[in-house]
Amino acid sequence: MKRIDRIIKHETYQKCVKRNDRHEKNRIFCRHDTGHFLSVARIAHILNLEKGLCIDKALVYAAALLHDIGRFRQYEDDIPHEKASAQIASEILRDCGFSEGETALIVDAIKNHRNEHMKKEKSLRGILYRADKLSRSCYFCAAEKKCDWKQDKKNTRLRY
């Protein structure tokens with residue numbers, strides 16, 4: 001997990017986390033913060049183990065920690081956050097010792113983490129998509145009634 005520690009300590013990563021936090025400090029709905037990133041990472045790792053996919057843990061954690069890192073660009077420049085996050089992730093991953101092949105897999109998963117076609121895929125893309133949705137704690141959310149997620153998509157019972 002040394003490369004994961006490098007991601008977390010990376011100057012660009014830290015700056016992006018702070019920018020996301022500034023934009024979402026008054027957000028009443030799910031936030032795109034380090035708590036969310038870690039929840040997604042841990043759930044994705046569980047899904048990886050449960051499905052026997054044998055995806056390297058570092059790839060799972062890297063994708064999860066970086067999948068929403070560019071959310072601030074959606075607020076500032078109206079750029080879809082999956083696209084912005086993929087761009088930022090490429091730079092960080094190379095600096096943190098990930099190979100071109102690993103970077104390509106992770107960036108592809110980030111680009112597709114909102115693509116519903118990934119829902120059943122047995123791949124890094126699939127587990128990142130599912131973990132991102134499963135990480136939302138609708139059952140504890142004070143704003144759940146105001147949320148525009150469809151009722152059948154909300155997490156109304158604890159799974160992970």
# chains A, B, ... in the order shown; residues from 1 in each chain; ligands from 1
>>> closest_atom_pairs(of="segment 67-113 of chain A", to="segment 120-137 of chain A", cutoff="7 Å", atoms="only C-alpha atoms", output="Markdown table")
| residue | atom | partner | partner_atom | distance |
| --- | --- | --- | --- | --- |
| A:Ala109 | CA | A:Arg125 | CA | 4.2 |
| A:Asn112 | CA | A:Arg125 | CA | 6.4 |
| A:His113 | CA | A:Tyr129 | CA | 4.5 |
>>> write_last_selection(atoms="N, CA and C atoms", output="mmCIF file, in the first residue's frame")
data_model
loop_
_atom_site.group_PDB
_atom_site.id
_atom_site.type_symbol
_atom_site.label_atom_id
_atom_site.label_comp_id
_atom_site.auth_asym_id
_atom_site.auth_seq_id
_atom_site.Cartn_x
_atom_site.Cartn_y
_atom_site.Cartn_z
ATOM 1 N N ALA A 109 -11.640 3.129 -15.299
ATOM 2 C CA ALA A 109 -12.647 2.891 -14.254
ATOM 3 C C ALA A 109 -13.208 4.225 -13.752
ATOM 4 N N ASN A 112 -15.648 5.807 -16.086
ATOM 5 C CA ASN A 112 -16.904 5.054 -16.200
ATOM 6 C C ASN A 112 -17.633 4.852 -14.879
ATOM 7 N N HIS A 113 -17.220 5.516 -13.823
ATOM 8 C CA HIS A 113 -17.833 5.232 -12.519
ATOM 9 C C HIS A 113 -19.272 5.732 -12.409
#
>>> select_by_dssp(residues="chain A", states="helix (DSSP H, G or I)", output="PyMOL selection string")
chain A and resi 2-9+11-24+34-51+57-66+71-77+81-95+100-111+116-118+124-134+138-140+144-146+151-153
>>> atom_distance(atom1="atom CA of Phe72 of chain A", atom2="atom CA of Asp95 of chain A")
21.4 Å
>>> atom_distance(atom1="atom CA of Ala41 of chain A", atom2="atom CA of Tyr61 of chain A")
5.0 Å
>>> residues_around(residues="segment 30-32 of chain A", least_positions_apart="4", cutoff="8 Å", atoms="only C-alpha atoms", output="ChimeraX atom specification")
/A:20-21,24,36-37,68-69,71,136
>>> residues_around(residues="Asp5 of chain A", least_positions_apart="6", cutoff="12 Å", atoms="only C-alpha atoms", output="MDAnalysis selection string")
chainID A and resid 13:14 58 61:62 65 92:93 96:97
>>> residues_around(residues="segment 75-86 of chain A", least_positions_apart="4", cutoff="7 Å", atoms="only C-alpha atoms", output="number ranges by chain")
A: 66-71, 90, 107, 110-111
>>> write_last_selection(atoms="C-alpha atoms", output="PDB file, in the first residue's frame")
ATOM      1  CA  LEU A  66      -9.236   9.274  -7.148  1.00  0.00           C
ATOM      2  CA  HIS A  67     -12.681   8.702  -8.698  1.00  0.00           C
ATOM      3  CA  ASP A  68     -14.178  12.032  -7.492  1.00  0.00           C
ATOM      4  CA  ILE A  69     -10.972  14.015  -6.988  1.00  0.00           C
ATOM      5  CA  GLY A  70     -11.938  16.446  -9.771  1.00  0.00           C
ATOM      6  CA  ARG A  71     -15.417  17.207  -8.449  1.00  0.00           C
ATOM      7  CA  SER A  90      -3.304  10.287 -14.617  1.00  0.00           C
ATOM      8  CA  VAL A 107      -8.381   5.997 -15.412  1.00  0.00           C
ATOM      9  CA  ILE A 110     -12.783   6.529 -13.093  1.00  0.00           C
ATOM     10  CA  LYS A 111     -14.174   7.685 -16.451  1.00  0.00           C
TER      11      LYS A 111
END
>>> closest_atom_pairs(of="segment 24-98 of chain A", to="segment 141-154 of chain A", cutoff="10 Å", atoms="only C-alpha atoms", output="tab-separated table")
residue	atom	partner	partner_atom	distance
A:Arg27	CA	A:Ala143	CA	9.9
A:Ile28	CA	A:Ala143	CA	6.2
A:Phe29	CA	A:Ala143	CA	6.1
A:Cys30	CA	A:Cys141	CA	8.3
>>> atom_distance(atom1="atom CA of Ile55 of chain A", atom2="atom CA of Glu11 of chain A")
26.8 Å
